[in-house]
Amino acid sequence: MLKLEKLSKIYRTSEVETHALDDVSFEVEAGEFLAIMGPSGCGKSTLLNILGLLDNPTGGSYMFFGKEVARASEEHLTILRRGAVGFIFQSFNLIDDLNVAENVEVALIYRGVPGGERKRRVSEALERVGIAHRSRHLPQQLSGGQQQRVAIARALVSNPKLILADEPTGNLDTANGEAVMELLTGASRSGTTVVMVTHSLVHAARAQRTVKLLDGHVVSETLLAA
Amino acid sequence: MFRSYLVSALRNLVRNRFYSGISIAALAVGLSAALLAALVIRNQVSYDHFIRDYPRTYLAGAVLLPSDRSPLYDAMAPSFVAAHLKLKFNEIEAVTRLLDQDVRLRHGLIESKENIYWADRNAFDVLTVPVFAGTLKGALERPDGIVLTRSIARKYFGRDDPIGESLLLDGAHAMTVTAVIEDLPVNSTELESGLFASGIASFSPLTQEDNDPRFIPKGPGVSLGGRTYIRLLPNASVDRLQQAMPAFVRNLYPALPPGVSASLQLIRIDQVSLFPPLNPSVRGRLAVMAIVGVLILAIGCVVFVNLSTARSMSRALEVSIRKVSGASRGALVLQFIGESLVYVLLAAVVAVALTELLIPHVNAFLNSGAVFEYWRDPTLLACMVLGVVTVAIVAGAYPAFVLSAMRPANALKKSLFGSGGVLARQCLVALQFAVLIGFLVSAAVVYQQRTYATRDALRVNTDQMLIVRSPCNSAFKSQLSSLAGVLGVFCSTESFLDRETFSNLRLRDGRIVAMDMVGAEFGIFDLYGLRPLAGRLGSSPNSNGSLAGAGGYILNESAVRQFGFRSAAAAIGQSLPIVDTGEGSLPSGVVNEIVAVVPDFAIHAVEQNDKPAIYYLPTSNNPWGTRDPGLVHIKLTGRDIPETLSAIDRLWLATGNSGASDRFFLNHYIQTFYLTILREVQACTVFAVVAALLACLGLIGLSASATERRTKEIGIRKAMGAGTGDIVRLLVWQFCKPVLWANVMAWPIAGSLMNRWLHGFAYHVELAPWTFTAAGASALVIALLTVSGQAFLAARARPVAALRYE
């Protein structure tokens with residue numbers, strides 16, 4: 001489903017050249033739950049941005065559901081992203097001016113979903129993550145765990161083929177982190193491909209496979225017991 | 001989707017009240033300025049549109065074409081041409097005349113001086129004004145018929161429809177009200193009076209002119225009567241008619257002096273107020289008003305654009321999430337332009353309120369009749385809506401494109417958004433301040449020119465000079481000198497002040513030249529502190545300047561050059577080299593010598609080049625001086641002026657005159673000529689203040705935003721040892737740079753425009769460098785005062801607070 005071949009990403013300024021990713025190659029099967037681990041600065045977030053079509057690699061090939069997207073334009077990436085990808089961020093990244101329901105609805109607005117249908121799906125998503133009772137609250141009025149549930153609801157509401165989670169439990173306590181992992185695991189069981197960046201071995205153990213990065217290279221791939 | 005945009009926009013607006021308030025205030029001021037300018041211009045270009053057939057109704061004004069001067073236009077025409085126009089041209093459907101006169105009207109105890117129009121019986125067929133009571137058909141057929149406006153009817157009769165009631169005119173003639181018309185729109189019509197009396201009355205000046213042989217062209221002069229209006233047939237060509245006018249007038253005036261021709265100028269009635277020869281500066285003023293309105297709106301938009309882009313960091317996350325969720329750039333552009341529409345709509349509401357508050361003051365200041373009734377003017381409402389949408393798109397486009405261009409990956413890493421945004425904002429700040437500096441320079445130059453024009457350029461001493469319109473051969477004038485408080489008394493014709501009487505003279509060398517003819521007792525020059533350049537004023541045959549038995553002529557410098565004398569001294573003792581005065585040859589037996597030469601001067605000629613003038617004693621022996629001059633010049637001592645004026649008024653009544661005398665101080669008279677310039681000074685000052693206010697608003701918002709963005713940097717610098725002064729200088733300098741650059745933009749443009757304006761005056765000040773440096777320094781001070789307060793507060797904050805923020 002996702003195939004990276006000799007992928008590289010170089011950040012250049014007038015004085016410095018940084019190789020964030022170098023010769024990264026692996027595949028992700030449909031419905032797989034993949035964890036990506038590595039120390040800070042190893043290129044995990046960069047890899048996630050490329051996987052999620054938020055950024056273009058400098059070199060190599062990236063097949064996204066059978067389409068080569070490494071040199072695609074921003075407009076083309078947007079169209080592909082719109083139909084297929086959901087994101088969950090470490091710092092939640094909810095829009096402060098919108099309430100819980102409106103934040104989740106943002107994921108459907110650009111997909112041409114009619115208003116009535118949007119309302120129904122938002123309601124379902126909020127129920128699924130257990131935050132429906134706070135649908136009219138603003139993000140500032142929620143705890144960290146609650147905000148992350150809203151972010152997960154936003155990622156799930158559009159039924160994406162791929163969910164990318166960048167340290168989704170990084171800012172949460174153990175209980176909330178567990179709850180989030182349950183939701184991600186549930187999504188994976190439903191057939192959604194989940195790629196998660198994490199520092200936590202415990203949470204990585206919930207995935208089916210772990211890829212370890214170091215200094216922009218893949219250093220190991222580990223299959224975990226089902 | 002649009003609901004989501006609207007919700008996001010409104011909540012963002014409320015959350016950032018401070019910046020939103022500044023943006024809305026700036027846009028509101030800009031919109032209001034543009035709206036006021038548009039209303040005033042619309043009023044000016046729609047004069048007389050209440051007259052039904054205005055598109056084919058024309059004023060036929062006289063044009064005199066002297067050989068060596070620019071054509072002279074007048075709104076009036078000889079009274080007799082109306083009948084000839086109707087006979088001669090088939091394309092003219094109707095012709096009518098109006099002749100205005102000051103009269104006294106009385107009804108019961110109410111008596112007042114009024115200006116009325118004596119009108120041909122078919123006046124309302126041509127000038128179709130809306131009627132309120134009675135009928136206009138035949139209203140002026142009876143010789144005692146009079147038509148009033150509603151407000152005049154209320155003034156005399158206490159009600160709006162006094163049909164059949166009587167008014168006494170000049171204490172002698174009973175006029176019957178035959179109809180009442182709606183009040184004429186204020187300052188929106190060339191018609192100055194709302195009173196129309198039947199011109200067929202035997203005592204009306206129209207009838208008198210029609211029967212007076214002096215108004216029938218046999219001689220070389222052109223005598224103007226009232227206003228002549230024509231209405232063309234539908235589809236008639238006014239251009240063809242205009243081309244035929246010179247030949248038509250030539251046939252009517254076979255005896256015009258050599259070198260002089262005349263014609264009629266057909267001006268559509270709604271264009272009369274804009275016709276440059278009759279109203280020289282109106283088009284220029286309207287153009288300036290339009291430019292200023294657009295500039296102030298532009299500054300308001302600049303404030304909005306700058307603040308939107310400066311605050312773009314706070315929207316980065318939202319933009320990223322929307323892009324991550326699949327929003328295309330187009331969708332985001334639409335969203336942010338929609339947001340700017342919300343701001344502009346709110347600003348428009350404030351602007352409408354502001355305009356309603358200001359329109360009466362603007363009308364009073366500009367003598368305009370602009371009306372702001374958008375609720376019953378669909379065109380105005382549609383234009384306002386279109387204007388709001390256009391401003392929203394124009395002002396919102398740049399921030400929308402900046403915001404929508406953010407790459408989600410960068411935004412999620414909270415990277416800064418390109419130095420291009422900062423440069424663009426600095427350019428916009430520079431533009432704002434360039435406009436401000438331009439206004440400051442304009443205000444200073446216009447003020448300097450006004451001061452110069454009303455004092456130094458006159459070259460005569462006009463202090464304590466009182467002018468009374470009175471016959472000179474009168475007991476009043478002869479007894480004035482004996483009053484305490486009066487230094488001297490002399491007479492002149494009107495042309496001493498207005499220089500509007502000229503003759504075409506044929507000289508001995510064959511040339512035909514036009515010269516101003518000014519009748520004046522020669523002692524008048526002493527009264528004005530004028531010393532002769534050659535000859536002696538006291539050497540005139542009658543040194544006390546009295547009218548009887550005197551002769552000789554005084555020339556000004558320009559006349560000496562025109563006649564071809566080598567110098568002023570060379571002209572003394574020479575006779576006037578004239579063979580034909582335009583009114584016949586110089587009579588014999590009169591001293592035709594040039595007795596003195598005076599410097600060029602004219603009471604209001606600062607806008608005009610010096611014209612040659614011949615000063616003659618207005619005696620009956622003189623070809624130009626067969627009528628009483630009519631202006632008495634009284635030089636006062638300057639002490640006890642109220643008592644002196646009272647004494648003059650008592651003398652006026654005691655010497656057989658009735659009513660109040662028509663008197664004015666010459667300085668006040670001069671000031672009215674420069675009222676236009678005075679208004680321009682005031683207007684420039686107001687524009688400068690508004691521009692400064694908007695620029696400050698913009699700077700306040702920008703500096704607050706910049707300070708907030710640099711909180712961490714300030715904390716680190718302070719932790720590293722920077723003092724308050726170091727931080728203040730750091731923050732203030734970033735805003736002073738564009739202000740300094742603004743001078744580079746503003747000086748050449750302002751200098752060029754002001755130079756061009758000054759060269760419209762024959763006498764003018766020179767552009768001084770200090771004017772520009774003072775304007776630039778003022779702008780810098782304004783900027784410093786605006787941003788230093790916030791910079792100081794930020795610099796005083798504890799570094800730990802800034803670092804904890806991160």
# chains A, B, ... in the order shown; residues from 1 in each chain; ligands from 1
call {"tool": "residues_around", "arguments": {"residues": "segment 268-273 of chain B", "least_positions_apart": "2", "cutoff": "6 Å", "atoms": "only C-alpha atoms", "output": "short mmCIF file (atom, residue, chain, number, x, y, z; two decimals) with C-alpha atoms, in the first residue's frame"}}
result
data_model
loop_
_atom_site.label_atom_id
_atom_site.label_comp_id
_atom_site.auth_asym_id
_atom_site.auth_seq_id
_atom_site.Cartn_x
_atom_site.Cartn_y
_atom_site.Cartn_z
CA TYR B 47 -26.60 69.66 -10.60
CA ASP B 48 -30.06 70.42 -11.90
CA THR B 57 -31.53 71.84 -21.84
CA TYR B 58 -28.64 74.26 -22.30
CA LEU B 59 -27.50 77.61 -20.98
CA PHE B 275 -17.49 74.43 -16.97
#
call {"tool": "residues_around", "arguments": {"residues": "Ser200 of chain A", "least_positions_apart": "3", "cutoff": "10 Å", "atoms": "only C-alpha atoms", "output": "PDB file with C-alpha atoms, in the first residue's frame"}}
result
ATOM      1  CA  ALA A  35       5.395   1.900  14.871  1.00  0.00           C
ATOM      2  CA  MET A  37      10.895   4.642  16.793  1.00  0.00           C
ATOM      3  CA  GLY A  38      14.178   6.433  17.220  1.00  0.00           C
ATOM      4  CA  GLU A 167       3.698  10.728  19.319  1.00  0.00           C
ATOM      5  CA  THR A 169       0.587   9.912  23.795  1.00  0.00           C
ATOM      6  CA  GLY A 170       3.609  12.165  24.285  1.00  0.00           C
ATOM      7  CA  VAL A 197       5.757   7.548  15.785  1.00  0.00           C
ATOM      8  CA  HIS A 203       3.005   1.600  23.122  1.00  0.00           C
ATOM      9  CA  ALA A 204       5.149   0.388  20.262  1.00  0.00           C
ATOM     10  CA  ALA A 205       4.426  -3.146  21.416  1.00  0.00           C
TER      11      ALA A 205
END
call {"tool": "residues_around", "arguments": {"residues": "Glu102 of chain A", "least_positions_apart": "2", "cutoff": "12 Å", "atoms": "only C-alpha atoms", "output": "PyMOL selection string"}}
result
(chain A and resi 94-100+104-109+115+118-119+121-123+126+134-139+150-151+153-154+157) or (chain B and resi 1+3-8+322)
call {"tool": "select_by_dssp", "arguments": {"residues": "segment 129-212 of chain A", "states": "helix (DSSP H, G or I)", "output": "PyMOL selection string"}}
result
chain A and resi 129+132-134+139-141+144-156+174-189+201-204
call {"tool": "residues_around", "arguments": {"residues": "Gly573 of chain B", "least_positions_apart": "4", "cutoff": "10 Å", "atoms": "only C-alpha atoms", "output": "PDB file with all heavy atoms, in the first residue's frame"}}
result
ATOM      1  N   GLY B 535       6.979 110.095 -13.130  1.00  0.00           N
ATOM      2  CA  GLY B 535       5.964 111.149 -13.096  1.00  0.00           C
ATOM      3  C   GLY B 535       5.563 111.442 -11.657  1.00  0.00           C
ATOM      4  O   GLY B 535       6.167 110.972 -10.708  1.00  0.00           O
ATOM      5  N   GLY B 552      -5.470 113.786 -18.346  1.00  0.00           N
ATOM      6  CA  GLY B 552      -4.239 113.027 -18.161  1.00  0.00           C
ATOM      7  C   GLY B 552      -4.543 111.583 -17.802  1.00  0.00           C
ATOM      8  O   GLY B 552      -5.653 111.240 -17.389  1.00  0.00           O
ATOM      9  N   TYR B 553      -3.526 110.754 -18.021  1.00  0.00           N
ATOM     10  CA  TYR B 553      -3.701 109.322 -17.775  1.00  0.00           C
ATOM     11  C   TYR B 553      -2.534 108.780 -16.970  1.00  0.00           C
ATOM     12  O   TYR B 553      -1.412 109.297 -17.033  1.00  0.00           O
ATOM     13  CB  TYR B 553      -3.801 108.553 -19.099  1.00  0.00           C
ATOM     14  CG  TYR B 553      -5.003 108.950 -19.906  1.00  0.00           C
ATOM     15  CD1 TYR B 553      -4.904 109.951 -20.892  1.00  0.00           C
ATOM     16  CD2 TYR B 553      -6.232 108.373 -19.665  1.00  0.00           C
ATOM     17  CE1 TYR B 553      -6.015 110.339 -21.605  1.00  0.00           C
ATOM     18  CE2 TYR B 553      -7.347 108.747 -20.384  1.00  0.00           C
ATOM     19  CZ  TYR B 553      -7.239 109.745 -21.353  1.00  0.00           C
ATOM     20  OH  TYR B 553      -8.346 110.127 -22.053  1.00  0.00           O
ATOM     21  N   ALA B 569       9.961 106.214 -17.377  1.00  0.00           N
ATOM     22  CA  ALA B 569      10.286 107.649 -17.489  1.00  0.00           C
ATOM     23  C   ALA B 569      10.040 108.141 -18.905  1.00  0.00           C
ATOM     24  O   ALA B 569       9.579 109.272 -19.123  1.00  0.00           O
ATOM     25  CB  ALA B 569      11.742 107.870 -17.069  1.00  0.00           C
ATOM     26  N   ASN B 592      -4.311 114.433 -23.161  1.00  0.00           N
ATOM     27  CA  ASN B 592      -4.108 113.002 -23.390  1.00  0.00           C
ATOM     28  C   ASN B 592      -2.742 112.541 -22.938  1.00  0.00           C
ATOM     29  O   ASN B 592      -2.289 111.487 -23.325  1.00  0.00           O
ATOM     30  CB  ASN B 592      -4.265 112.693 -24.890  1.00  0.00           C
ATOM     31  CG  ASN B 592      -5.705 112.833 -25.322  1.00  0.00           C
ATOM     32  OD1 ASN B 592      -6.606 112.623 -24.541  1.00  0.00           O
ATOM     33  ND2 ASN B 592      -5.913 113.208 -26.577  1.00  0.00           N
ATOM     34  N   GLU B 593      -2.105 113.360 -22.124  1.00  0.00           N
ATOM     35  CA  GLU B 593      -0.749 113.005 -21.741  1.00  0.00           C
ATOM     36  C   GLU B 593      -0.742 111.958 -20.642  1.00  0.00           C
ATOM     37  O   GLU B 593      -1.637 111.862 -19.827  1.00  0.00           O
ATOM     38  CB  GLU B 593      -0.016 114.247 -21.219  1.00  0.00           C
ATOM     39  CG  GLU B 593       0.440 115.169 -22.315  1.00  0.00           C
ATOM     40  CD  GLU B 593       1.188 116.342 -21.730  1.00  0.00           C
ATOM     41  OE1 GLU B 593       1.519 116.320 -20.521  1.00  0.00           O
ATOM     42  OE2 GLU B 593       1.431 117.306 -22.476  1.00  0.00           O
ATOM     43  N   ILE B 594       0.370 111.236 -20.666  1.00  0.00           N
ATOM     44  CA  ILE B 594       0.636 110.291 -19.576  1.00  0.00           C
ATOM     45  C   ILE B 594       1.336 111.068 -18.475  1.00  0.00           C
ATOM     46  O   ILE B 594       2.407 111.620 -18.696  1.00  0.00           O
ATOM     47  CB  ILE B 594       1.512 109.129 -20.066  1.00  0.00           C
ATOM     48  CG1 ILE B 594       0.785 108.368 -21.187  1.00  0.00           C
ATOM     49  CG2 ILE B 594       1.858 108.172 -18.908  1.00  0.00           C
ATOM     50  CD1 ILE B 594       1.681 107.490 -22.017  1.00  0.00           C
ATOM     51  N   VAL B 595       0.704 111.105 -17.305  1.00  0.00           N
ATOM     52  CA  VAL B 595       1.237 111.951 -16.243  1.00  0.00           C
ATOM     53  C   VAL B 595       2.023 111.149 -15.218  1.00  0.00           C
ATOM     54  O   VAL B 595       2.839 111.701 -14.475  1.00  0.00           O
ATOM     55  CB  VAL B 595       0.125 112.762 -15.548  1.00  0.00           C
ATOM     56  CG1 VAL B 595      -0.540 113.717 -16.534  1.00  0.00           C
ATOM     57  CG2 VAL B 595      -0.904 111.828 -14.918  1.00  0.00           C
ATOM     58  N   ALA B 596       1.801 109.852 -15.146  1.00  0.00           N
ATOM     59  CA  ALA B 596       2.530 109.038 -14.159  1.00  0.00           C
ATOM     60  C   ALA B 596       2.458 107.568 -14.561  1.00  0.00           C
ATOM     61  O   ALA B 596       1.604 107.162 -15.357  1.00  0.00           O
ATOM     62  CB  ALA B 596       1.956 109.237 -12.754  1.00  0.00           C
TER      63      ALA B 596
END
call {"tool": "select_by_dssp", "arguments": {"residues": "chain A", "states": "strand (DSSP E)", "output": "PyMOL selection string"}}
result
chain A and resi 2-12+17-28+33-37+59-64+67-68+85-88+162-166+193-197+209-214+217-223
call {"tool": "closest_atom_pairs", "arguments": {"of": "chain A", "to": "chain B", "cutoff": "10 Å", "atoms": "only C-alpha atoms", "output": "Markdown table"}}
result
| residue | atom | partner | partner_atom | distance |
| --- | --- | --- | --- | --- |
| A:Ser45 | CA | B:Ala409 | CA | 9.6 |
| A:Thr46 | CA | B:Ala409 | CA | 8.8 |
| A:Asn49 | CA | B:Ala409 | CA | 6.8 |
| A:Ile50 | CA | B:Ala409 | CA | 9.4 |
| A:Gly52 | CA | B:Val324 | CA | 8.7 |
| A:Leu53 | CA | B:Val324 | CA | 8.8 |
| A:Leu54 | CA | B:Ala409 | CA | 5.8 |
| A:Asp55 | CA | B:Ala409 | CA | 6.6 |
| A:Glu74 | CA | B:Arg407 | CA | 8.9 |
| A:Glu75 | CA | B:Ser328 | CA | 6.9 |
| A:His76 | CA | B:Ser328 | CA | 9.6 |
| A:Leu77 | CA | B:Gly326 | CA | 9.0 |
| A:Thr78 | CA | B:Gly326 | CA | 5.5 |
| A:Ile79 | CA | B:Gly326 | CA | 6.6 |
| A:Leu80 | CA | B:Gly326 | CA | 8.2 |
| A:Arg81 | CA | B:Gly326 | CA | 6.0 |
| A:Arg82 | CA | B:Gly326 | CA | 4.0 |
| A:Gly83 | CA | B:Gly326 | CA | 7.6 |
| A:Ala84 | CA | B:Gly326 | CA | 9.4 |
| A:Val85 | CA | B:Ser325 | CA | 8.0 |
| A:Gly86 | CA | B:Ser325 | CA | 7.3 |
| A:Phe87 | CA | B:Val324 | CA | 7.5 |
| A:Phe89 | CA | B:Leu412 | CA | 9.2 |
| A:Ser91 | CA | B:Leu412 | CA | 9.7 |
| A:Asn93 | CA | B:Leu317 | CA | 6.9 |
| A:Leu94 | CA | B:Glu318 | CA | 7.8 |
| A:Ile95 | CA | B:Glu318 | CA | 5.5 |
| A:Asp96 | CA | B:Glu318 | CA | 8.3 |
| A:Asp97 | CA | B:Arg11 | CA | 5.6 |
| A:Leu98 | CA | B:Ser8 | CA | 6.4 |
| A:Asn99 | CA | B:Ser8 | CA | 9.9 |
| A:Glu102 | CA | B:Ser4 | CA | 7.3 |
| A:Asn103 | CA | B:Ser4 | CA | 9.5 |
| A:Glu105 | CA | B:Ser4 | CA | 8.7 |
| A:Val106 | CA | B:Arg322 | CA | 6.8 |
| A:Ala107 | CA | B:Ser325 | CA | 4.9 |
| A:Leu108 | CA | B:Ser325 | CA | 7.7 |
| A:Ile109 | CA | B:Met1 | CA | 5.7 |
| A:Tyr110 | CA | B:Ala327 | CA | 5.4 |
| A:Arg111 | CA | B:Gly326 | CA | 7.3 |
| A:Gly112 | CA | B:Met1 | CA | 9.1 |
| A:Val113 | CA | B:Met1 | CA | 9.6 |
| A:Pro114 | CA | B:Met1 | CA | 9.3 |
| A:Gly115 | CA | B:Met1 | CA | 8.2 |
| A:Arg154 | CA | B:Ser325 | CA | 9.0 |
| A:Ala155 | CA | B:Ser325 | CA | 8.7 |
| A:Ser158 | CA | B:Ser325 | CA | 9.3 |
call {"tool": "closest_residue", "arguments": {"among": "A:Phe65, A:Phe26, A:Phe33, A:Phe92", "to": "Leu172 of chain A", "atoms": "only C-alpha atoms"}}
result
A:Phe92
call {"tool": "residues_around", "arguments": {"residues": "His217 of chain A", "least_positions_apart": "2", "cutoff": "9 Å", "atoms": "only C-alpha atoms", "output": "VMD selection string"}}
result
chain A and resid 20 to 25 42 to 43 212 to 215 219
call {"tool": "write_last_selection", "arguments": {"atoms": "all heavy atoms", "output": "short mmCIF file (atom, residue, chain, number, x, y, z; two decimals), in the first residue's frame"}}
result
data_model
loop_
_atom_site.label_atom_id
_atom_site.label_comp_id
_atom_site.auth_asym_id
_atom_site.auth_seq_id
_atom_site.Cartn_x
_atom_site.Cartn_y
_atom_site.Cartn_z
N ALA A 20 18.03 14.84 6.70
CA ALA A 20 17.07 14.35 7.68
C ALA A 20 16.76 12.87 7.44
O ALA A 20 16.55 12.11 8.38
CB ALA A 20 15.79 15.19 7.62
N LEU A 21 16.68 12.49 6.18
CA LEU A 21 16.44 11.08 5.84
C LEU A 21 17.43 10.69 4.74
O LEU A 21 17.71 11.50 3.84
CB LEU A 21 15.02 10.86 5.32
CG LEU A 21 13.88 11.05 6.30
CD1 LEU A 21 12.53 10.98 5.57
CD2 LEU A 21 13.93 10.02 7.41
N ASP A 22 17.87 9.44 4.82
CA ASP A 22 18.88 9.02 3.85
C ASP A 22 18.66 7.55 3.50
O ASP A 22 18.79 6.67 4.35
CB ASP A 22 20.28 9.25 4.43
CG ASP A 22 21.37 9.06 3.40
OD1 ASP A 22 21.04 8.92 2.20
OD2 ASP A 22 22.56 9.02 3.79
N ASP A 23 18.28 7.33 2.27
CA ASP A 23 18.17 5.96 1.75
C ASP A 23 17.21 5.11 2.58
O ASP A 23 17.53 3.99 2.99
CB ASP A 23 19.58 5.33 1.72
CG ASP A 23 19.60 4.10 0.83
OD1 ASP A 23 18.77 3.99 -0.08
OD2 ASP A 23 20.46 3.21 1.07
N VAL A 24 16.02 5.64 2.81
CA VAL A 24 15.02 4.92 3.61
C VAL A 24 14.15 4.11 2.66
O VAL A 24 13.57 4.63 1.71
CB VAL A 24 14.16 5.92 4.41
CG1 VAL A 24 12.98 5.22 5.03
CG2 VAL A 24 15.01 6.63 5.44
N SER A 25 14.03 2.84 2.93
CA SER A 25 13.18 1.97 2.10
C SER A 25 12.42 1.01 2.99
O SER A 25 13.01 0.33 3.82
CB SER A 25 14.04 1.15 1.13
OG SER A 25 14.78 1.99 0.28
N CYS A 42 16.13 11.95 14.73
CA CYS A 42 16.50 10.88 13.79
C CYS A 42 15.72 10.95 12.49
O CYS A 42 16.03 10.23 11.56
CB CYS A 42 16.29 9.53 14.45
SG CYS A 42 14.56 9.09 14.67
N GLY A 43 14.72 11.78 12.40
CA GLY A 43 13.96 11.95 11.16
C GLY A 43 12.58 11.35 11.20
O GLY A 43 11.94 11.20 10.15
N LYS A 212 12.96 1.04 13.21
CA LYS A 212 13.78 1.94 14.02
C LYS A 212 14.63 2.78 13.11
O LYS A 212 15.24 2.28 12.15
CB LYS A 212 14.67 1.13 14.97
CG LYS A 212 13.89 0.57 16.14
CD LYS A 212 14.81 0.00 17.20
CE LYS A 212 13.93 -0.54 18.32
NZ LYS A 212 14.58 -1.57 19.10
N LEU A 213 14.67 4.07 13.41
CA LEU A 213 15.47 5.00 12.64
C LEU A 213 16.61 5.51 13.52
O LEU A 213 16.45 5.69 14.73
CB LEU A 213 14.63 6.21 12.20
CG LEU A 213 13.54 6.03 11.17
CD1 LEU A 213 12.88 7.37 10.85
CD2 LEU A 213 14.09 5.45 9.87
N LEU A 214 17.72 5.80 12.84
CA LEU A 214 18.82 6.45 13.53
C LEU A 214 19.53 7.32 12.51
O LEU A 214 19.93 6.81 11.44
CB LEU A 214 19.78 5.41 14.11
CG LEU A 214 20.97 5.98 14.88
CD1 LEU A 214 20.49 6.73 16.13
CD2 LEU A 214 21.95 4.89 15.27
N ASP A 215 19.64 8.59 12.81
CA ASP A 215 20.33 9.53 11.92
C ASP A 215 19.83 9.46 10.49
O ASP A 215 20.61 9.48 9.52
CB ASP A 215 21.85 9.29 11.94
CG ASP A 215 22.43 9.62 13.30
OD1 ASP A 215 21.82 10.44 14.02
OD2 ASP A 215 23.49 9.06 13.64
N VAL A 219 17.48 1.37 10.70
CA VAL A 219 18.51 0.47 11.25
C VAL A 219 17.96 -0.91 11.57
O VAL A 219 18.70 -1.87 11.62
CB VAL A 219 19.18 1.09 12.50
CG1 VAL A 219 19.96 2.32 12.11
CG2 VAL A 219 18.15 1.43 13.58
#
call {"tool": "residues_around", "arguments": {"residues": "segment 471-486 of chain B", "least_positions_apart": "6", "cutoff": "12 Å", "atoms": "only C-alpha atoms", "output": "number ranges by chain"}}
result
B: 464-465, 492-494, 519-521, 527, 545-548, 618-619, 627-657, 661-662
call {"tool": "residues_around", "arguments": {"residues": "Gly387 of chain B", "least_positions_apart": "4", "cutoff": "10 Å", "atoms": "only C-alpha atoms", "output": "mmCIF file with N, CA and C atoms, in the first residue's frame"}}
result
data_model
loop_
_atom_site.group_PDB
_atom_site.id
_atom_site.type_symbol
_atom_site.label_atom_id
_atom_site.label_comp_id
_atom_site.auth_asym_id
_atom_site.auth_seq_id
_atom_site.Cartn_x
_atom_site.Cartn_y
_atom_site.Cartn_z
ATOM 1 N N LEU B 31 -13.303 54.094 4.555
ATOM 2 C CA LEU B 31 -14.560 53.966 3.804
ATOM 3 C C LEU B 31 -15.368 55.250 3.898
ATOM 4 N N ALA B 34 -13.873 57.930 1.652
ATOM 5 C CA ALA B 34 -14.168 57.660 0.243
ATOM 6 C C ALA B 34 -15.640 57.941 -0.053
ATOM 7 N N LEU B 35 -16.510 57.565 0.876
ATOM 8 C CA LEU B 35 -17.945 57.770 0.673
ATOM 9 C C LEU B 35 -18.277 59.258 0.630
ATOM 10 N N VAL B 344 -14.805 44.192 6.692
ATOM 11 C CA VAL B 344 -15.191 45.369 5.899
ATOM 12 C C VAL B 344 -16.668 45.689 6.123
ATOM 13 N N ALA B 348 -18.015 49.001 7.421
ATOM 14 C CA ALA B 348 -18.976 49.762 6.616
ATOM 15 C C ALA B 348 -20.117 50.285 7.477
ATOM 16 N N LEU B 381 -27.101 52.632 -2.903
ATOM 17 C CA LEU B 381 -26.983 51.418 -2.095
ATOM 18 C C LEU B 381 -26.215 50.342 -2.848
ATOM 19 N N ALA B 382 -26.533 50.187 -4.123
ATOM 20 C CA ALA B 382 -25.829 49.184 -4.930
ATOM 21 C C ALA B 382 -24.346 49.520 -5.024
ATOM 22 N N CYS B 383 -24.036 50.798 -5.198
ATOM 23 C CA CYS B 383 -22.622 51.214 -5.273
ATOM 24 C C CYS B 383 -21.921 50.952 -3.949
ATOM 25 N N VAL B 391 -13.579 46.413 -1.816
ATOM 26 C CA VAL B 391 -12.564 46.682 -0.790
ATOM 27 C C VAL B 391 -12.200 45.389 -0.068
ATOM 28 N N ALA B 392 -13.212 44.557 0.203
ATOM 29 C CA ALA B 392 -12.939 43.293 0.881
ATOM 30 C C ALA B 392 -12.001 42.423 0.047
ATOM 31 N N ILE B 393 -12.241 42.382 -1.244
ATOM 32 C CA ILE B 393 -11.394 41.562 -2.106
ATOM 33 C C ILE B 393 -10.001 42.165 -2.220
#
call {"tool": "atom_distance", "arguments": {"atom1": "atom CA of Glu182 of chain B", "atom2": "atom CA of Ile163 of chain B"}}
result
14.0 Å
call {"tool": "atom_distance", "arguments": {"atom1": "atom CA of Gln208 of chain A", "atom2": "atom CA of Asp166 of chain A"}}
result
17.0 Å
call {"tool": "atom_distance", "arguments": {"atom1": "atom CA of Ala72 of chain A", "atom2": "atom CA of Val211 of chain A"}}
result
25.5 Å
